[in-house]
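The structure file data-v1.pdb is reproduced below (PDB, C-alpha atoms).
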ATOM      1  CA  MET A   1       0.000   0.000   0.000
ATOM      2  CA  PRO A   2       1.309   3.472  -0.750
ATOM      3  CA  GLU A   3       2.505   5.496   2.198
ATOM      4  CA  THR A   4       0.257   8.335   3.304
ATOM      5  CA  SER A   5       1.779  11.487   4.618
ATOM      6  CA  GLN A   6       0.261  13.238   7.603
ATOM      7  CA  THR A   7       0.580  16.977   7.694
ATOM      8  CA  THR A   8       1.119  18.469  11.114
ATOM      9  CA  PRO A   9      -1.541  21.113  11.738
ATOM     10  CA  SER A  10      -0.232  24.649  11.823
ATOM     11  CA  PRO A  11      -0.521  26.654  15.047
ATOM     12  CA  GLU A  12      -3.260  28.693  13.393
ATOM     13  CA  ASP A  13      -5.242  25.547  12.521
ATOM     14  CA  MET A  14      -4.843  24.219  16.066
ATOM     15  CA  ALA A  15      -6.004  27.538  17.494
ATOM     16  CA  ASP A  16      -9.049  27.550  15.199
ATOM     17  CA  ARG A  17      -9.962  23.972  16.142
ATOM     18  CA  HIS A  18      -9.603  24.756  19.827
ATOM     19  CA  ALA A  19     -11.749  27.881  19.526
ATOM     20  CA  SER A  20     -14.433  25.931  17.648
ATOM     21  CA  LYS A  21     -14.395  23.127  20.221
ATOM     22  CA  MET A  22     -14.642  25.559  23.151
ATOM     23  CA  ALA A  23     -17.455  27.502  21.427
ATOM     24  CA  LYS A  24     -19.494  24.286  21.160
ATOM     25  CA  LYS A  25     -18.814  23.489  24.818
ATOM     26  CA  LYS A  26     -19.851  26.991  25.861
ATOM     27  CA  ALA A  27     -23.076  26.761  23.855
ATOM     28  CA  ALA A  28     -23.912  23.432  25.495
ATOM     29  CA  ARG A  29     -23.031  24.786  28.928
ATOM     30  CA  ASP A  30     -25.101  27.943  28.414
ATOM     31  CA  LYS A  31     -28.073  25.813  27.389
ATOM     32  CA  ILE A  32     -27.802  23.790  30.603
ATOM     33  CA  MET A  33     -27.350  26.887  32.779
ATOM     34  CA  ALA A  34     -30.415  28.521  31.242
ATOM     35  CA  THR A  35     -32.543  25.817  32.885
ATOM     36  CA  LYS A  36     -31.053  26.471  36.362
ATOM     37  CA  GLU A  37     -32.975  29.368  37.818
ATOM     38  CA  GLY A  38     -33.996  28.198  41.289
ATOM     39  CA  GLU A  39     -32.330  29.126  44.556
ATOM     40  CA  LYS A  40     -32.659  27.508  47.972
ATOM     41  CA  GLY A  41     -30.823  27.112  51.210
ATOM     42  CA  LEU A  42     -28.740  23.973  50.876
ATOM     43  CA  ILE A  43     -27.970  21.172  53.288
ATOM     44  CA  ILE A  44     -24.312  20.384  52.565
ATOM     45  CA  VAL A  45     -22.401  17.336  53.823
ATOM     46  CA  ASN A  46     -18.613  16.982  53.648
ATOM     47  CA  THR A  47     -17.606  13.470  54.649
ATOM     48  CA  GLY A  48     -15.142  10.678  53.866
ATOM     49  CA  ALA A  49     -11.785   9.495  55.188
ATOM     50  CA  GLY A  50      -9.762  12.034  53.230
ATOM     51  CA  LYS A  51      -8.510  15.371  54.507
ATOM     52  CA  GLY A  52     -10.334  18.596  53.670
ATOM     53  CA  LYS A  53     -13.838  18.304  55.105
ATOM     54  CA  SER A  54     -13.578  21.135  57.618
ATOM     55  CA  SER A  55     -11.265  23.087  55.331
ATOM     56  CA  ALA A  56     -13.936  23.090  52.629
ATOM     57  CA  GLY A  57     -16.526  24.185  55.159
ATOM     58  CA  PHE A  58     -14.403  27.106  56.295
ATOM     59  CA  GLY A  59     -13.749  27.995  52.675
ATOM     60  CA  MET A  60     -17.489  28.529  52.277
ATOM     61  CA  ILE A  61     -17.564  30.557  55.496
ATOM     62  CA  LEU A  62     -14.897  32.873  54.046
ATOM     63  CA  ARG A  63     -16.961  33.238  50.887
ATOM     64  CA  CYS A  64     -19.938  34.281  52.994
ATOM     65  CA  ILE A  65     -17.792  36.805  54.830
ATOM     66  CA  ALA A  66     -16.556  38.200  51.504
ATOM     67  CA  HIS A  67     -20.176  38.582  50.342
ATOM     68  CA  GLU A  68     -21.106  40.203  53.690
ATOM     69  CA  MET A  69     -23.484  37.343  54.450
ATOM     70  CA  PRO A  70     -23.998  36.839  58.203
ATOM     71  CA  CYS A  71     -22.819  33.343  59.114
ATOM     72  CA  ALA A  72     -21.880  31.191  62.096
ATOM     73  CA  VAL A  73     -19.706  28.246  63.105
ATOM     74  CA  VAL A  74     -20.381  25.621  65.764
ATOM     75  CA  GLN A  75     -17.459  23.259  66.428
ATOM     76  CA  PHE A  76     -18.526  19.999  68.038
ATOM     77  CA  ILE A  77     -15.222  18.203  68.671
ATOM     78  CA  LYS A  78     -12.251  20.486  68.127
ATOM     79  CA  GLY A  79     -13.408  23.207  70.488
ATOM     80  CA  ALA A  80     -10.360  22.921  72.727
ATOM     81  CA  TRP A  81      -7.942  23.410  69.811
ATOM     82  CA  ASP A  82      -6.279  26.727  69.020
ATOM     83  CA  THR A  83      -7.034  26.744  65.302
ATOM     84  CA  GLY A  84      -6.092  29.309  62.681
ATOM     85  CA  GLU A  85      -9.649  29.614  61.397
ATOM     86  CA  ARG A  86     -10.963  30.345  64.879
ATOM     87  CA  ARG A  87      -8.319  33.027  65.462
ATOM     88  CA  LEU A  88      -9.011  34.649  62.097
ATOM     89  CA  ILE A  89     -12.764  34.780  62.513
ATOM     90  CA  GLU A  90     -12.829  35.859  66.158
ATOM     91  CA  GLU A  91     -10.139  38.523  65.743
ATOM     92  CA  HIS A  92     -11.185  40.000  62.398
ATOM     93  CA  PHE A  93     -14.718  38.960  61.386
ATOM     94  CA  SER A  94     -16.689  38.531  64.607
ATOM     95  CA  ASN A  95     -19.058  41.279  63.430
ATOM     96  CA  ILE A  96     -20.363  39.065  60.626
ATOM     97  CA  CYS A  97     -19.491  35.502  61.711
ATOM     98  CA  GLN A  98     -20.320  34.080  65.114
ATOM     99  CA  PHE A  99     -18.000  31.317  66.346
ATOM    100  CA  TYR A 100     -18.879  28.792  69.053
ATOM    101  CA  ALA A 101     -16.374  26.140  70.164
ATOM    102  CA  MET A 102     -18.521  23.603  71.998
ATOM    103  CA  GLY A 103     -16.334  20.487  72.109
ATOM    104  CA  GLU A 104     -13.449  19.519  74.363
ATOM    105  CA  GLY A 105     -11.579  17.142  72.101
ATOM    106  CA  PHE A 106     -12.013  13.716  70.592
ATOM    107  CA  THR A 107     -13.725  11.088  72.719
ATOM    108  CA  TRP A 108     -10.485   9.170  73.342
ATOM    109  CA  GLU A 109      -9.022  12.362  74.844
ATOM    110  CA  THR A 110     -11.858  13.234  77.221
ATOM    111  CA  GLN A 111     -12.633   9.591  78.131
ATOM    112  CA  ASP A 112     -15.889  10.800  79.607
ATOM    113  CA  ARG A 113     -18.894   9.845  77.493
ATOM    114  CA  ALA A 114     -21.430  11.641  79.681
ATOM    115  CA  ARG A 115     -19.533  14.906  79.317
ATOM    116  CA  ASP A 116     -19.081  14.382  75.586
ATOM    117  CA  VAL A 117     -22.832  13.830  75.186
ATOM    118  CA  ALA A 118     -23.623  16.912  77.257
ATOM    119  CA  MET A 119     -21.229  19.072  75.219
ATOM    120  CA  ALA A 120     -22.644  17.755  71.941
ATOM    121  CA  LYS A 121     -26.185  18.520  73.052
ATOM    122  CA  ARG A 122     -25.161  22.035  74.060
ATOM    123  CA  GLY A 123     -23.626  22.472  70.632
ATOM    124  CA  TRP A 124     -26.786  21.223  68.932
ATOM    125  CA  GLU A 125     -28.995  23.595  70.930
ATOM    126  CA  LYS A 126     -26.775  26.499  69.875
ATOM    127  CA  ALA A 127     -26.840  25.248  66.269
ATOM    128  CA  LYS A 128     -30.639  25.191  66.240
ATOM    129  CA  GLU A 129     -30.755  28.703  67.650
ATOM    130  CA  LEU A 130     -28.415  29.975  64.934
ATOM    131  CA  ILE A 131     -30.171  28.137  62.103
ATOM    132  CA  ARG A 132     -33.556  29.488  63.193
ATOM    133  CA  ASN A 133     -32.230  33.054  63.093
ATOM    134  CA  PRO A 134     -33.420  34.433  59.714
ATOM    135  CA  GLU A 135     -30.566  36.954  59.608
ATOM    136  CA  ILE A 136     -27.910  34.215  59.513
ATOM    137  CA  ARG A 137     -27.479  32.890  55.990
ATOM    138  CA  PHE A 138     -24.929  30.075  56.492
ATOM    139  CA  VAL A 139     -24.189  27.841  59.486
ATOM    140  CA  LEU A 140     -21.225  25.466  59.601
ATOM    141  CA  LEU A 141     -21.580  22.510  61.978
ATOM    142  CA  ASP A 142     -17.975  21.395  62.104
ATOM    143  CA  GLU A 143     -17.375  17.723  62.996
ATOM    144  CA  ILE A 144     -21.016  17.136  63.909
ATOM    145  CA  ASN A 145     -20.826  13.851  61.998
ATOM    146  CA  ILE A 146     -18.432  12.564  64.677
ATOM    147  CA  ALA A 147     -20.970  13.377  67.375
ATOM    148  CA  LEU A 148     -23.649  11.617  65.324
ATOM    149  CA  ARG A 149     -21.419   8.627  64.682
ATOM    150  CA  TYR A 150     -20.944   8.032  68.418
ATOM    151  CA  ASP A 151     -24.655   8.640  69.065
ATOM    152  CA  TYR A 152     -23.990  11.717  71.179
ATOM    153  CA  LEU A 153     -26.861  13.219  69.192
ATOM    154  CA  ASP A 154     -30.021  11.613  67.801
ATOM    155  CA  ILE A 155     -29.692  11.437  64.008
ATOM    156  CA  ASP A 156     -33.483  11.396  63.566
ATOM    157  CA  GLU A 157     -33.827  14.627  65.532
ATOM    158  CA  VAL A 158     -31.092  16.323  63.502
ATOM    159  CA  VAL A 159     -32.533  15.227  60.155
ATOM    160  CA  THR A 160     -36.095  16.179  61.133
ATOM    161  CA  PHE A 161     -34.972  19.630  62.248
ATOM    162  CA  LEU A 162     -33.007  20.283  59.062
ATOM    163  CA  ARG A 163     -35.865  19.078  56.891
ATOM    164  CA  ASP A 164     -38.745  20.777  58.694
ATOM    165  CA  GLU A 165     -37.404  23.822  60.548
ATOM    166  CA  LYS A 166     -34.445  25.166  58.600
ATOM    167  CA  PRO A 167     -35.444  28.457  56.939
ATOM    168  CA  PRO A 168     -35.796  28.040  53.161
ATOM    169  CA  MET A 169     -32.824  30.246  52.232
ATOM    170  CA  THR A 170     -30.401  29.245  55.000
ATOM    171  CA  HIS A 171     -27.420  27.079  54.075
ATOM    172  CA  VAL A 172     -26.183  24.504  56.601
ATOM    173  CA  ALA A 173     -22.933  22.557  56.171
ATOM    174  CA  LEU A 174     -22.157  19.472  58.252
ATOM    175  CA  THR A 175     -18.650  18.025  58.288
ATOM    176  CA  GLY A 176     -16.933  14.896  59.560
ATOM    177  CA  ARG A 177     -16.274  11.383  58.373
ATOM    178  CA  ASN A 178     -18.840   8.564  58.459
ATOM    179  CA  ALA A 179     -21.897  10.696  57.725
ATOM    180  CA  LYS A 180     -24.995   8.650  58.429
ATOM    181  CA  ASP A 181     -27.209   7.498  55.575
ATOM    182  CA  ALA A 182     -30.217   9.447  56.830
ATOM    183  CA  LEU A 183     -28.223  12.680  56.700
ATOM    184  CA  ILE A 184     -26.913  11.938  53.215
ATOM    185  CA  GLU A 185     -30.478  11.231  52.084
ATOM    186  CA  VAL A 186     -31.822  14.611  53.234
ATOM    187  CA  ALA A 187     -28.809  16.596  51.972
ATOM    188  CA  ASP A 188     -28.740  18.607  48.751
ATOM    189  CA  LEU A 189     -24.970  18.464  48.257
ATOM    190  CA  VAL A 190     -22.738  15.631  49.461
ATOM    191  CA  THR A 191     -18.988  15.437  48.903
ATOM    192  CA  GLU A 192     -16.890  12.473  49.972
ATOM    193  CA  MET A 193     -13.183  13.140  50.432
ATOM    194  CA  THR A 194     -11.200  10.031  49.457
ATOM    195  CA  LEU A 195      -7.943   9.234  51.234
ATOM    196  CA  VAL A 196      -5.131   8.500  48.793
ATOM    197  CA  LYS A 197      -2.065   9.455  50.841
ATOM    198  CA  HIS A 198      -1.637  11.140  54.213
ATOM    199  CA  PRO A 199       1.620  12.199  55.903
ATOM    200  CA  PHE A 200       0.362  10.930  59.279
ATOM    201  CA  ARG A 201       0.946   7.397  58.019
ATOM    202  CA  SER A 202       4.590   8.313  57.437
ATOM    203  CA  GLY A 203       5.079   9.597  60.951
ATOM    204  CA  ILE A 204       4.379  13.278  60.258
ATOM    205  CA  LYS A 205       2.265  15.033  62.889
ATOM    206  CA  GLY A 206      -0.435  17.604  62.186
ATOM    207  CA  GLN A 207       1.048  20.966  61.237
ATOM    208  CA  LYS A 208       0.011  24.599  61.480
ATOM    209  CA  GLY A 209      -1.605  25.925  58.340
ATOM    210  CA  VAL A 210      -2.435  22.442  57.095
ATOM    211  CA  GLU A 211      -4.355  20.654  59.855
ATOM    212  CA  PHE A 212      -5.172  23.578  62.154
TER
END
Could I get this structure in the form of structure tokens?
Amino acid sequence: MPETSQTTPSPEDMADRHASKMAKKKAARDKIMATKEGEKGLIIVNTGAGKGKSSAGFGMILRCIAHEMPCAVVQFIKGAWDTGERRLIEEHFSNICQFYAMGEGFTWETQDRARDVAMAKRGWEKAKELIRNPEIRFVLLDEINIALRYDYLDIDEVVTFLRDEKPPMTHVALTGRNAKDALIEVADLVTEMTLVKHPFRSGIKGQKGVEF
């Protein structure tokens, strides 16, 4: 068979093809976006074994602050930690973001289930108060999934409250691994962080700016 020569496209041809391809993608994307007109307060769950659940939650809190949207944070487990996000919010943005550290550490640190349950319930009561407040647009319930996992809180009560009493335009984000199925079912947005590698497994401890 005779050999066929292949001509390498010129930079101009490649640019034209790329522009045409992107124009088609934009047209398809615009068509999809034209059908998305509704707005609502979302129930957001960040879960999974991978790192980044709380970090993503605080990223949304910073977006709210930037948009001058009143917001609030309730920390259920890491309340005893001196975290960067807590310092930043309390020292610079307390006028627009309320911050409540309600936990005293992970359950293996306190070794007192009754106290852990009491602290979790206090945190949940504060969370309900904040969520009910129509002026607050976004509430982050950091590590509440841990409290739910250990049955410090009643999952049915939490789900029922979010479904029936959360104001229509209020966003609520719940973080922590092992989110329960009932919470995932009622949520609008669920992200699972997958663990691929973690420095802790190589003997590296948690570090400022990364873990806290």
Item checked: Hits from the PyMOL selection byres ((chain A and resi 137-142) around 6), listed as a list in words ->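 Applying the expression gives Pro70, Cys71, Ala72, Val73, Val74, Gln75, Ile136, Glu143, Ile144, Thr170, His171, Val172, Ala173, Leu174 and Thr175 of chain A.
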Check: So which one's closest to Arg113 of chain A, A:Tyr100, A:Lys128, A:Asp151, A:Glu157? Using only C-alpha atoms, please.
Finding: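 Closest candidate: A:Asp151.
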Margin query: For a quick check of understanding, using only C-alpha atoms, which of A:Arg163, A:Lys24, A:Arg86, A:Lys78 has the smallest distance to Gly123 of chain A?
Written below: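 Checking each candidate against Gly123 of chain A, we get A:Lys78 as the closest.
Across the model, the gap from atom CA of Ala127 of chain A to atom CA of Glu90 of chain A is 17.6 Å.
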Note to self: Between atom CA of Asp116 of chain A and atom CA of Gly52 of chain A, what distance in Å does the model show, to one decimal?
What the structure shows: 24.0 Å
Checklist line | Nearest-residue call for Lys40 of chain A, choices A:Lys121, A:Lys208, A:Lys166, A:Gly203, using all atoms listed in the file | finding: A:Lys166
Checklist line | Length of the atom CA of Ile43 of chain A to atom CA of Leu189 of chain A vector [Å] | finding: 6.5 Å
Next item on the list: List the residues matched by the PyMOL selection byres ((chain A and resi 51) around 8) in the displayed structure as an NGL selection string, ordered by chain and then by residue number.
Entry: :A and (49-50 or 52-53 or 193-195)
Can you sort out the box for segment 50-63 of chain A, edges along x, y and z, all listed atoms in, 4 Å on every side, with centre and edge lengths in Å to one decimal, as lines of an AutoDock Vina configuration file?
center_x = -13.0
center_y = 22.6
center_z = 54.3
size_x = 17.1
size_y = 29.2
size_z = 14.7
Next item on the list: Write out as a list in words the residues lying within 12 Å of Val117 of chain A, counting only C-alpha atoms and excluding same-chain residues fewer than 3 positions away.
Entry: Phe76, Ile77, Met102, Gly103, Glu104, Phe106, Thr107, Thr110, Gln111, Asp112, Arg113, Ala114, Ala120, Lys121, Arg122, Gly123, Trp124, Ile144, Ile146, Ala147, Leu148, Arg149, Tyr150, Asp151, Tyr152, Leu153 and Asp154 of chain A
